[in-house]
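Content type mmCIF, C-alpha atoms, from the file upload-v9.cif:
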data_upload
#
loop_
_atom_site.label_atom_id
_atom_site.label_comp_id
_atom_site.auth_asym_id
_atom_site.auth_seq_id
_atom_site.Cartn_x
_atom_site.Cartn_y
_atom_site.Cartn_z
CA MET Y 5 -35.42 27.07 -53.47
CA LYS Y 6 -32.64 24.51 -54.03
CA THR Y 7 -33.74 20.89 -53.98
CA LYS Y 8 -31.88 18.30 -51.93
CA THR Y 9 -30.60 16.79 -55.19
CA THR Y 10 -29.20 20.14 -56.26
CA GLN Y 11 -27.59 20.67 -52.87
CA ARG Y 12 -26.04 17.23 -53.02
CA ARG Y 13 -24.62 17.93 -56.49
CA LEU Y 14 -23.17 21.23 -55.30
CA LEU Y 15 -21.62 19.55 -52.28
CA LEU Y 16 -20.10 16.76 -54.37
CA GLY Y 17 -18.88 19.29 -56.92
CA GLY Y 18 -17.26 21.32 -54.16
CA LEU Y 19 -15.56 18.22 -52.73
CA ALA Y 20 -14.28 17.21 -56.15
CA ALA Y 21 -12.89 20.70 -56.70
CA ALA Y 22 -11.23 20.60 -53.30
CA VAL Y 23 -9.64 17.22 -54.06
CA LEU Y 24 -8.38 18.45 -57.43
CA ALA Y 25 -6.98 21.60 -55.83
CA ALA Y 26 -5.23 19.59 -53.13
CA THR Y 27 -3.83 17.20 -55.74
CA GLY Y 28 -2.62 20.12 -57.83
CA ALA Y 29 -0.97 21.68 -54.78
CA ALA Y 30 0.73 18.40 -53.94
CA HIS Y 31 2.07 18.06 -57.49
CA ALA Y 32 3.17 21.69 -57.42
CA GLN Y 33 5.27 20.87 -54.38
CA ASP Y 34 7.00 17.91 -56.06
CA THR Y 35 10.68 18.58 -56.77
CA THR Y 36 12.46 17.06 -59.76
CA VAL Y 37 16.07 16.01 -59.26
CA ARG Y 38 18.23 14.69 -62.09
CA ILE Y 39 20.84 12.25 -60.80
CA ALA Y 40 23.84 10.97 -62.73
CA VAL Y 41 24.94 7.36 -62.21
CA THR Y 42 27.11 4.86 -64.00
CA ALA Y 43 25.35 1.99 -65.75
CA GLY Y 44 24.96 -1.23 -63.80
CA PRO Y 45 24.59 -1.52 -60.01
CA HIS Y 46 24.51 2.24 -59.39
CA ALA Y 47 21.66 2.56 -61.87
CA GLN Y 48 19.83 -0.33 -60.17
CA ILE Y 49 20.22 1.32 -56.78
CA ALA Y 50 19.01 4.64 -58.17
CA GLU Y 51 15.90 2.95 -59.59
CA VAL Y 52 14.96 1.63 -56.14
CA ALA Y 53 15.76 5.03 -54.59
CA ARG Y 54 13.55 6.67 -57.22
CA LYS Y 55 10.51 4.76 -56.01
CA VAL Y 56 11.27 5.57 -52.37
CA ALA Y 57 11.88 9.25 -53.12
CA ALA Y 58 8.52 9.55 -54.84
CA ARG Y 59 6.81 9.01 -51.49
CA ASP Y 60 8.44 12.23 -50.26
CA GLY Y 61 7.41 14.24 -53.32
CA LEU Y 62 10.80 13.89 -54.99
CA VAL Y 63 10.74 13.05 -58.70
CA LEU Y 64 14.04 11.38 -59.48
CA LYS Y 65 15.23 11.35 -63.10
CA ILE Y 66 18.10 8.93 -63.64
CA VAL Y 67 20.81 9.83 -66.18
CA GLU Y 68 23.24 7.00 -66.98
CA PHE Y 69 26.88 7.46 -68.00
CA GLN Y 70 29.43 4.92 -69.18
CA ASP Y 71 32.55 6.44 -67.60
CA TYR Y 72 33.73 8.03 -64.35
CA ILE Y 73 34.56 11.50 -65.66
CA GLN Y 74 31.31 12.80 -67.16
CA PRO Y 75 29.02 12.48 -64.09
CA ASN Y 76 31.05 15.06 -62.15
CA ALA Y 77 31.39 17.31 -65.19
CA ALA Y 78 27.62 17.17 -65.71
CA LEU Y 79 26.94 17.94 -62.05
CA ASP Y 80 29.33 20.87 -61.93
CA ALA Y 81 27.82 22.25 -65.15
CA GLY Y 82 24.29 22.06 -63.75
CA ASP Y 83 23.11 19.41 -66.22
CA VAL Y 84 22.11 17.24 -63.22
CA GLU Y 85 21.51 18.04 -59.55
CA ALA Y 86 23.30 15.06 -57.95
CA ASN Y 87 25.38 12.00 -58.72
CA SER Y 88 25.98 8.64 -57.09
CA TYR Y 89 28.89 6.51 -58.32
CA GLN Y 90 32.21 7.53 -56.70
CA HIS Y 91 34.18 7.23 -53.49
CA LYS Y 92 35.84 10.07 -51.59
CA PRO Y 93 39.42 9.66 -52.88
CA PHE Y 94 38.14 9.88 -56.46
CA LEU Y 95 35.93 12.88 -55.67
CA ASP Y 96 38.81 14.64 -53.93
CA THR Y 97 41.15 14.17 -56.88
CA GLN Y 98 38.50 15.43 -59.31
CA ILE Y 99 37.87 18.53 -57.20
CA GLN Y 100 41.58 19.22 -56.94
CA ALA Y 101 42.27 18.66 -60.63
CA ARG Y 102 39.22 20.42 -62.09
CA GLY Y 103 38.15 22.93 -59.48
CA TYR Y 104 34.68 21.47 -59.08
CA LYS Y 105 32.53 22.88 -56.27
CA LEU Y 106 30.95 19.60 -55.20
CA THR Y 107 30.07 18.23 -51.76
CA ALA Y 108 29.35 14.70 -50.53
CA VAL Y 109 26.20 14.53 -48.40
CA GLY Y 110 26.25 10.87 -47.36
CA ALA Y 111 27.50 7.34 -48.05
CA THR Y 112 25.70 4.70 -50.12
CA VAL Y 113 27.52 1.41 -50.75
CA THR Y 114 31.02 -0.04 -50.88
CA PHE Y 115 32.23 -2.07 -53.88
CA PRO Y 116 35.35 -4.06 -52.96
CA MET Y 117 37.79 -3.84 -55.89
CA GLY Y 118 39.26 -7.06 -57.26
CA PHE Y 119 41.98 -8.30 -59.59
CA TYR Y 120 40.90 -10.72 -62.31
CA SER Y 121 42.78 -13.00 -64.68
CA LYS Y 122 41.96 -15.52 -67.39
CA ARG Y 123 45.33 -17.21 -66.93
CA TYR Y 124 46.31 -17.28 -63.26
CA LYS Y 125 44.66 -18.16 -59.96
CA SER Y 126 46.42 -15.60 -57.76
CA LEU Y 127 48.61 -12.53 -58.03
CA THR Y 128 51.54 -14.48 -56.64
CA ASP Y 129 51.28 -16.85 -59.64
CA LEU Y 130 52.05 -14.02 -62.07
CA PRO Y 131 55.28 -14.72 -64.00
CA ALA Y 132 58.16 -12.32 -64.45
CA GLY Y 133 57.31 -9.51 -66.83
CA ALA Y 134 53.55 -10.12 -66.61
CA LYS Y 135 51.29 -7.35 -67.89
CA VAL Y 136 49.03 -6.05 -65.14
CA GLY Y 137 46.27 -3.55 -65.90
CA ILE Y 138 45.21 -0.89 -63.43
CA GLN Y 139 42.97 2.16 -63.77
CA ASN Y 140 44.36 5.37 -65.22
CA ASP Y 141 42.64 7.72 -62.75
CA PRO Y 142 44.70 8.59 -59.65
CA SER Y 143 42.38 7.41 -56.88
CA ASN Y 144 41.55 4.03 -58.38
CA SER Y 145 45.10 3.37 -59.55
CA GLY Y 146 46.33 4.00 -56.02
CA ARG Y 147 43.72 1.57 -54.75
CA ALA Y 148 44.88 -1.10 -57.22
CA LEU Y 149 48.53 -0.55 -56.31
CA GLN Y 150 47.70 -0.99 -52.63
CA LEU Y 151 46.07 -4.31 -53.46
CA LEU Y 152 49.17 -5.41 -55.38
CA GLN Y 153 51.29 -4.47 -52.38
CA LYS Y 154 48.99 -6.39 -50.04
CA ALA Y 155 49.52 -9.47 -52.24
CA GLY Y 156 53.29 -9.00 -51.87
CA VAL Y 157 54.12 -8.58 -55.56
CA ILE Y 158 55.24 -4.94 -55.32
CA GLN Y 159 56.32 -2.55 -52.58
CA LEU Y 160 55.32 1.11 -52.34
CA LYS Y 161 56.92 4.03 -50.56
CA PRO Y 162 55.73 4.04 -46.94
CA THR Y 163 54.26 7.50 -47.47
CA ALA Y 164 52.33 6.60 -50.63
CA GLY Y 165 48.95 5.95 -48.98
CA ILE Y 166 45.73 5.56 -50.94
CA SER Y 167 46.89 8.08 -53.54
CA ALA Y 168 49.86 5.96 -54.59
CA THR Y 169 51.06 6.22 -58.18
CA VAL Y 170 53.27 4.00 -60.30
CA ALA Y 171 56.13 6.35 -59.40
CA ASP Y 172 55.75 5.24 -55.77
CA VAL Y 173 56.69 1.63 -56.57
CA VAL Y 174 60.07 1.04 -54.90
CA ALA Y 175 60.29 -2.72 -55.35
CA ASN Y 176 58.99 -4.84 -58.22
CA PRO Y 177 60.81 -8.18 -58.00
CA LYS Y 178 58.91 -9.77 -60.89
CA LYS Y 179 59.34 -6.68 -63.05
CA LEU Y 180 55.62 -6.55 -63.65
CA GLN Y 181 54.58 -4.30 -66.53
CA ILE Y 182 51.93 -2.07 -64.99
CA VAL Y 183 49.64 -0.80 -67.75
CA GLN Y 184 47.20 2.03 -67.00
CA VAL Y 185 43.85 1.80 -68.78
CA GLU Y 186 40.57 3.72 -68.53
CA ALA Y 187 38.52 1.92 -65.86
CA ALA Y 188 35.58 1.02 -68.10
CA GLN Y 189 37.92 -0.61 -70.65
CA LEU Y 190 39.67 -2.97 -68.25
CA PRO Y 191 37.19 -5.88 -68.56
CA ARG Y 192 37.61 -5.78 -72.35
CA SER Y 193 41.39 -5.73 -71.94
CA LEU Y 194 41.61 -8.97 -69.95
CA ASP Y 195 42.47 -11.01 -73.04
CA ASP Y 196 45.56 -8.86 -73.58
CA LEU Y 197 46.64 -8.71 -69.93
CA ASP Y 198 47.81 -11.30 -67.43
CA ALA Y 199 45.68 -9.67 -64.73
CA ALA Y 200 43.66 -6.51 -64.28
CA ALA Y 201 42.15 -4.51 -61.44
CA ILE Y 202 38.46 -3.99 -62.20
CA ASN Y 203 35.97 -1.89 -60.28
CA THR Y 204 33.03 -4.00 -59.17
CA ASN Y 205 30.37 -2.19 -61.19
CA TYR Y 206 32.32 -2.86 -64.39
CA ALA Y 207 33.11 -6.42 -63.29
CA LEU Y 208 29.41 -7.20 -62.81
CA GLN Y 209 28.58 -5.75 -66.22
CA ALA Y 210 31.17 -8.12 -67.71
CA GLY Y 211 29.59 -11.13 -65.98
CA LEU Y 212 32.30 -11.39 -63.32
CA VAL Y 213 31.30 -12.11 -59.72
CA PRO Y 214 33.92 -10.62 -57.38
CA THR Y 215 33.49 -13.15 -54.58
CA ARG Y 216 33.76 -16.00 -57.11
CA ASP Y 217 36.07 -14.78 -59.87
CA ALA Y 218 38.52 -12.30 -58.34
CA ILE Y 219 42.03 -13.63 -57.74
CA ALA Y 220 42.52 -10.89 -55.11
CA ILE Y 221 39.90 -8.67 -53.49
CA GLU Y 222 39.72 -5.83 -50.98
CA ALA Y 223 38.21 -6.30 -47.57
CA ALA Y 224 34.62 -5.04 -47.31
CA GLN Y 225 35.64 -2.33 -44.84
CA SER Y 226 37.70 0.26 -46.67
CA PRO Y 227 37.91 4.02 -47.20
CA TYR Y 228 36.17 3.61 -50.53
CA ALA Y 229 32.50 3.93 -49.63
CA ASN Y 230 30.55 5.44 -52.51
CA LEU Y 231 28.93 8.82 -51.97
CA LEU Y 232 25.88 10.84 -52.84
CA VAL Y 233 27.21 14.14 -54.20
CA VAL Y 234 25.59 17.51 -54.95
CA ARG Y 235 26.85 20.96 -55.88
CA THR Y 236 28.16 22.78 -52.84
CA ALA Y 237 25.65 25.58 -53.47
CA ASP Y 238 22.80 23.06 -53.17
CA LYS Y 239 23.92 21.09 -50.11
CA ASP Y 240 21.40 22.80 -47.80
CA LYS Y 241 18.44 22.59 -50.19
CA PRO Y 242 15.38 20.86 -48.69
CA TRP Y 243 15.42 18.09 -51.30
CA VAL Y 244 18.90 16.89 -50.31
CA PRO Y 245 17.93 15.03 -47.08
CA LYS Y 246 14.99 13.46 -48.93
CA LEU Y 247 17.35 12.20 -51.62
CA LEU Y 248 19.81 10.83 -49.06
CA LYS Y 249 16.96 9.15 -47.16
CA ALA Y 250 15.94 7.36 -50.36
CA PHE Y 251 19.48 6.12 -51.05
CA GLN Y 252 19.89 4.98 -47.43
CA SER Y 253 16.47 3.35 -47.25
CA PRO Y 254 15.63 -0.20 -46.12
CA GLU Y 255 14.58 -0.90 -49.71
CA VAL Y 256 18.07 -0.10 -51.01
CA ARG Y 257 19.64 -2.16 -48.23
CA GLN Y 258 17.42 -5.09 -49.19
CA LEU Y 259 18.48 -4.82 -52.84
CA VAL Y 260 22.17 -4.65 -51.97
CA GLU Y 261 22.17 -7.49 -49.47
CA GLY Y 262 19.76 -9.69 -51.39
CA GLN Y 263 20.87 -9.39 -54.99
CA PHE Y 264 24.60 -8.78 -55.04
CA SER Y 265 25.89 -11.64 -52.86
CA GLY Y 266 28.64 -9.68 -51.12
CA SER Y 267 29.83 -7.98 -54.31
CA MET Y 268 28.84 -4.75 -52.61
CA VAL Y 269 27.80 -3.89 -49.06
CA PRO Y 270 25.74 -1.05 -47.56
CA ALA Y 271 27.87 1.80 -46.21
CA PHE Y 272 25.06 3.30 -44.11
#
As structure tokens:
Amino acid sequence: MKTKTTQRRLLLGGLAAAVLAATGAAHAQDTTVRIAVTAGPHAQIAEVARKVAARDGLVLKIVEFQDYIQPNAALDAGDVEANSYQHKPFLDTQIQARGYKLTAVGATVTFPMGFYSKRYKSLTDLPAGAKVGIQNDPSNSGRALQLLQKAGVIQLKPTAGISATVADVVANPKKLQIVQVEAAQLPRSLDDLDAAAINTNYALQAGLVPTRDAIAIEAAQSPYANLLVVRTADKDKPWVPKLLKAFQSPEVRQLVEGQFSGSMVPAF
């Protein structure tokens, strides 16, 4: 006959086994998602999202890149499952140019682009023949050109839109020398330029505060909200809404509104 002590040990052993089995099942259900981001604010946002995603059984592995080209290449190649760093005009140009099968599944934040200078206080102060740096990728260069037009220092073709190129400049009274540079290199090029358009994530890495240091800046509301992007084949996978929920969480909103002082704003 089993003693009460033996029965108690069997019961406790059975409960422990059940707990271990349940824990193992829960871990078996966890999904790992590798997400590509650019270093700086996007990486900070992803770190907060990682903690939120874990509550939904999503293990987020953050892969940082230093440029705008590799995150899409890595996603299309299957080296990561998602990325978060780009706006729609940039994504559209990449898809068109490279044939990527990528789909945006939601918006994250907006980074207003600014122009910066170590020599002048506004774009209208630029002298004749000044060297002005803009990005060398089509979507961001068009964005910078629109900002130059808004400041009144150049004029673009009426049909140019957000995809404007240097060829669309129809009036340049100061004969500005528009120099196209890889986006990540623009902060380092400021010493050699009279002014430069710098994306906010790169500006922050260089110690520049857009609302304090920019000599011209976009309005917060623009068509350049950053996106969470996955492969088109994965867009209906069950982990996608969990990932989007993490990036659009109150915790991410708190980070954006509390730490970045208007340098970026939530787009959700």
Restricting the calculation to only C-alpha atoms: of Y:Pro93, Y:Pro242, Y:Gly146, Y:Pro214, which residue gets closest to Phe264 in chain Y?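 So, comparing all the options, the nearest one is Y:Pro214.
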Counting only C-alpha atoms, the option among Y:Thr97, Y:Thr42, Y:Asn144, Y:Gln33 closest to Glu186 in chain Y: Y:Asn144
Compare Y:Ile99, Y:Ile49, Y:Val41, Y:Leu212 by their minimum atom-to-atom distance to Gln74 in chain Y, counting only C-alpha atoms, and give me the closest one.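 Of all the options, Y:Val41 lies closest to Gln74 in chain Y.
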Tell me, in Å to one decimal, how far CA of Glu261 in chain Y is from CA of Ser121 in chain Y.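 It comes out at 26.2 Å.
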Padding 6 Å on each side, edges along x, y and z: where is the centre of the box around the listed atoms of range 189-204 of chain Y, and how long are its edges in Å to one decimal? Output it as lines of an AutoDock Vina configuration file.
center_x = 40.4
center_y = -6.0
center_z = -66.4
size_x = 26.8
size_y = 22.7
size_z = 26.4
Which neighbours of range 83-90 of chain Y fall inside 7 Å, counting only C-alpha atoms, when residues of the same chain fewer than 6 positions from it are skipped, and could you give them as a PyMOL selection string? chain Y and resi 37-42+46+75+230-234
Picked residues, the PyMOL selection byres ((chain Y and resi 59-61) around 10), as a list in words: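 For this structure, the PyMOL selection byres ((chain Y and resi 59-61) around 10) captures Ala30, His31, Ala32, Gln33, Asp34, Thr35, Thr36, Arg54, Lys55, Val56, Ala57, Ala58, Leu62, Val63, Leu64, Trp243, Lys246, Leu247, Lys249 and Ala250 of chain Y.
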